[in-house]
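Undergrad: Enclosed is the structure file structure.pdb (PDB, C-alpha atoms, pLDDT in the B column).
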```
ATOM      1  CA  MET A   1       8.230  15.410  -5.895  1.00 45.00           C
ATOM      2  CA  ALA A   2       6.390  15.468  -9.191  1.00 50.00           C
ATOM      3  CA  GLY A   3       8.165  13.408 -11.826  1.00 48.00           C
ATOM      4  CA  GLU A   4      10.071  11.263  -9.354  1.00 53.00           C
ATOM      5  CA  HIS A   5       9.301   7.607  -8.697  1.00 50.00           C
ATOM      6  CA  PHE A   6       9.399   5.722  -5.415  1.00 46.00           C
ATOM      7  CA  ASP A   7       9.657   1.936  -5.475  1.00 46.00           C
ATOM      8  CA  ALA A   8       8.184   0.410  -2.311  1.00 48.00           C
ATOM      9  CA  ALA A   9       9.087  -3.043  -3.636  1.00 46.00           C
ATOM     10  CA  SER A  10      12.827  -2.622  -3.256  1.00 42.00           C
ATOM     11  CA  ASP A  11      14.957  -5.523  -2.109  1.00 45.00           C
ATOM     12  CA  ILE A  12      14.524  -4.856   1.603  1.00 42.00           C
ATOM     13  CA  PRO A  13      14.746  -8.129   3.529  1.00 46.00           C
ATOM     14  CA  GLN A  14      11.656  -9.141   5.471  1.00 49.00           C
ATOM     15  CA  GLN A  15      12.085  -8.522   9.176  1.00 49.00           C
ATOM     16  CA  PRO A  16      10.536 -10.766  11.819  1.00 52.00           C
ATOM     17  CA  PRO A  17       7.794  -9.204  13.978  1.00 50.00           C
ATOM     18  CA  GLN A  18       8.949  -7.295  17.015  1.00 52.00           C
ATOM     19  CA  GLU A  19       8.371  -8.910  20.392  1.00 57.00           C
ATOM     20  CA  GLY A  20       4.750  -8.454  21.403  1.00 55.00           C
ATOM     21  CA  GLY A  21       3.813  -7.010  17.996  1.00 59.00           C
ATOM     22  CA  SER A  22       2.744  -8.211  14.594  1.00 66.00           C
ATOM     23  CA  ARG A  23       3.845  -7.265  11.107  1.00 82.00           C
ATOM     24  CA  ARG A  24       0.973  -5.871   9.013  1.00 83.00           C
ATOM     25  CA  THR A  25       0.977  -6.378   5.249  1.00 88.00           C
ATOM     26  CA  TYR A  26       0.628  -3.205   3.166  1.00 92.00           C
ATOM     27  CA  VAL A  27       1.125  -1.690  -0.290  1.00 94.00           C
ATOM     28  CA  GLY A  28       2.349   1.807  -1.065  1.00 96.00           C
ATOM     29  CA  ILE A  29      -0.083   4.211  -2.722  1.00 95.00           C
ATOM     30  CA  HIS A  30       0.622   7.546  -4.376  1.00 96.00           C
ATOM     31  CA  PHE A  31      -2.620   9.546  -4.253  1.00 95.00           C
ATOM     32  CA  THR A  32      -2.358  12.004  -7.162  1.00 95.00           C
ATOM     33  CA  CYS A  33      -5.472  13.857  -5.920  1.00 93.00           C
ATOM     34  CA  CYS A  34      -3.383  15.440  -3.151  1.00 95.00           C
ATOM     35  CA  ASP A  35       0.128  14.372  -4.271  1.00 96.00           C
ATOM     36  CA  VAL A  36       0.768  12.336  -1.105  1.00 96.00           C
ATOM     37  CA  TYR A  37       2.084   8.839  -0.378  1.00 95.00           C
ATOM     38  CA  SER A  38       0.490   6.491   2.124  1.00 95.00           C
ATOM     39  CA  ARG A  39       0.496   2.857   3.128  1.00 94.00           C
ATOM     40  CA  VAL A  40      -2.714   0.887   2.603  1.00 95.00           C
ATOM     41  CA  TYR A  41      -3.107  -2.179   4.798  1.00 94.00           C
ATOM     42  CA  ILE A  42      -4.682  -5.557   4.105  1.00 93.00           C
ATOM     43  CA  ASN A  43      -8.177  -6.161   5.520  1.00 92.00           C
ATOM     44  CA  ARG A  44      -8.991  -8.806   8.134  1.00 91.00           C
ATOM     45  CA  ASP A  45     -10.247 -11.453   5.702  1.00 92.00           C
ATOM     46  CA  ARG A  46      -7.150 -10.896   3.488  1.00 91.00           C
ATOM     47  CA  SER A  47      -9.270 -10.312   0.351  1.00 92.00           C
ATOM     48  CA  ALA A  48      -8.184  -6.710  -0.381  1.00 92.00           C
ATOM     49  CA  TYR A  49      -6.067  -3.741   0.638  1.00 93.00           C
ATOM     50  CA  LEU A  50      -8.299  -0.903   1.894  1.00 94.00           C
ATOM     51  CA  GLY A  51      -7.439   2.681   2.695  1.00 94.00           C
ATOM     52  CA  ASN A  52      -8.013   6.398   2.214  1.00 94.00           C
ATOM     53  CA  CYS A  53      -6.070   9.424   1.036  1.00 95.00           C
ATOM     54  CA  PRO A  54      -4.687  11.028   4.214  1.00 94.00           C
ATOM     55  CA  LYS A  55      -5.704  14.528   3.027  1.00 96.00           C
ATOM     56  CA  CYS A  56      -9.058  14.260   1.189  1.00 95.00           C
ATOM     57  CA  ALA A  57     -10.179  10.770   2.345  1.00 94.00           C
ATOM     58  CA  LYS A  58     -10.615   9.400  -1.202  1.00 94.00           C
ATOM     59  CA  GLN A  59     -11.139   5.640  -0.785  1.00 94.00           C
ATOM     60  CA  VAL A  60      -9.116   2.930  -2.498  1.00 94.00           C
ATOM     61  CA  ARG A  61      -9.660  -0.836  -2.621  1.00 93.00           C
ATOM     62  CA  ILE A  62      -7.128  -3.183  -4.237  1.00 92.00           C
ATOM     63  CA  GLY A  63      -8.475  -6.717  -4.551  1.00 91.00           C
ATOM     64  CA  ILE A  64      -6.345  -9.796  -3.971  1.00 90.00           C
ATOM     65  CA  GLY A  65      -6.819 -12.884  -6.097  1.00 88.00           C
ATOM     66  CA  PRO A  66      -5.342 -15.364  -8.561  1.00 88.00           C
ATOM     67  CA  GLY A  67      -3.826 -13.855 -11.681  1.00 85.00           C
ATOM     68  CA  GLY A  68      -3.091 -10.585  -9.889  1.00 83.00           C
ATOM     69  CA  THR A  69       0.125  -8.595  -9.762  1.00 85.00           C
ATOM     70  CA  SER A  70       3.189  -8.769  -7.542  1.00 86.00           C
ATOM     71  CA  SER A  71       3.499  -4.948  -7.475  1.00 88.00           C
ATOM     72  CA  ARG A  72       3.837  -3.333  -4.064  1.00 92.00           C
ATOM     73  CA  PHE A  73       3.326   0.273  -5.215  1.00 93.00           C
ATOM     74  CA  PHE A  74       0.363   1.820  -7.023  1.00 92.00           C
ATOM     75  CA  THR A  75      -0.790   5.243  -8.198  1.00 94.00           C
ATOM     76  CA  VAL A  76      -4.403   6.305  -7.610  1.00 91.00           C
ATOM     77  CA  GLN A  77      -5.866   9.122  -9.699  1.00 87.00           C
TER      78      GLN A  77
END
```
Could you render the structure as structure tokens?

TA:
Amino acid sequence: MAGEHFDAASDIPQQPPQEGGSRRTYVGIHFTCCDVYSRVYINRDRSAYLGNCPKCAKQVRIGIGPGGTSSRFFTVQ
């Protein structure tokens, strides 16, 4: 889907957690290295989103802090 854009921050209402489960916070990542999309989940201490490309395992870390962004979708080169 080269040239197309996917907005993971659309106006989808937040859903409550399912019974017996928990809702994990994530951001959407487009890994250009392998042209794949994946979700990257927040770490336990809630200081960053950590993940890997599902094909080549390239690592990504997106820090969380004051003065950051409200974006929910990123592109990793």

Undergrad: Suppose you want the space between CA of Arg24 (chain A) and CA of Asn43 (chain A); what is it in Å?

TA: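 That distance, rounded to one decimal, is 9.8 Å.
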
Undergrad: So how far away is CA of Ile42 (chain A) from CA of Ile64 (chain A), in Å?

TA: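 Calculated distance between CA of Ile64 (chain A) and CA of Ile42 (chain A) is 9.3 Å.
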
Undergrad: Just say which residues the PyMOL selection byres ((chain A and resi 39) around 10) picks in this file, as an NGL selection string.

TA: :A and (8 or 25-30 or 37-38 or 40-42 or 49-54 or 73)

Undergrad: With C-alpha atoms kept, could you save the residues just selected as a short mmCIF file (atom, residue, chain, number, x, y, z; two decimals), in the frame of the given file?

TA:
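Once everything was written out, this is selection.cif:
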```
data_model
loop_
_atom_site.label_atom_id
_atom_site.label_comp_id
_atom_site.auth_asym_id
_atom_site.auth_seq_id
_atom_site.Cartn_x
_atom_site.Cartn_y
_atom_site.Cartn_z
CA ALA A 8 8.18 0.41 -2.31
CA THR A 25 0.98 -6.38 5.25
CA TYR A 26 0.63 -3.20 3.17
CA VAL A 27 1.12 -1.69 -0.29
CA GLY A 28 2.35 1.81 -1.06
CA ILE A 29 -0.08 4.21 -2.72
CA HIS A 30 0.62 7.55 -4.38
CA TYR A 37 2.08 8.84 -0.38
CA SER A 38 0.49 6.49 2.12
CA VAL A 40 -2.71 0.89 2.60
CA TYR A 41 -3.11 -2.18 4.80
CA ILE A 42 -4.68 -5.56 4.11
CA TYR A 49 -6.07 -3.74 0.64
CA LEU A 50 -8.30 -0.90 1.89
CA GLY A 51 -7.44 2.68 2.70
CA ASN A 52 -8.01 6.40 2.21
CA CYS A 53 -6.07 9.42 1.04
CA PRO A 54 -4.69 11.03 4.21
CA PHE A 73 3.33 0.27 -5.22
#
```

Undergrad: Using only C-alpha atoms, pick whichever of A:Thr32, A:Arg23, A:Asp45, A:Phe74 has the shortest atom-to-atom distance to Lys58 (chain A).

TA: A:Thr32

Undergrad: Taking into account all atoms listed in the file, which residue in the set A:Gly67, A:Gln77, A:Arg72, A:Cys33 is nearest to Lys55 (chain A)?

TA: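 Nearest to Lys55 (chain A): A:Cys33.
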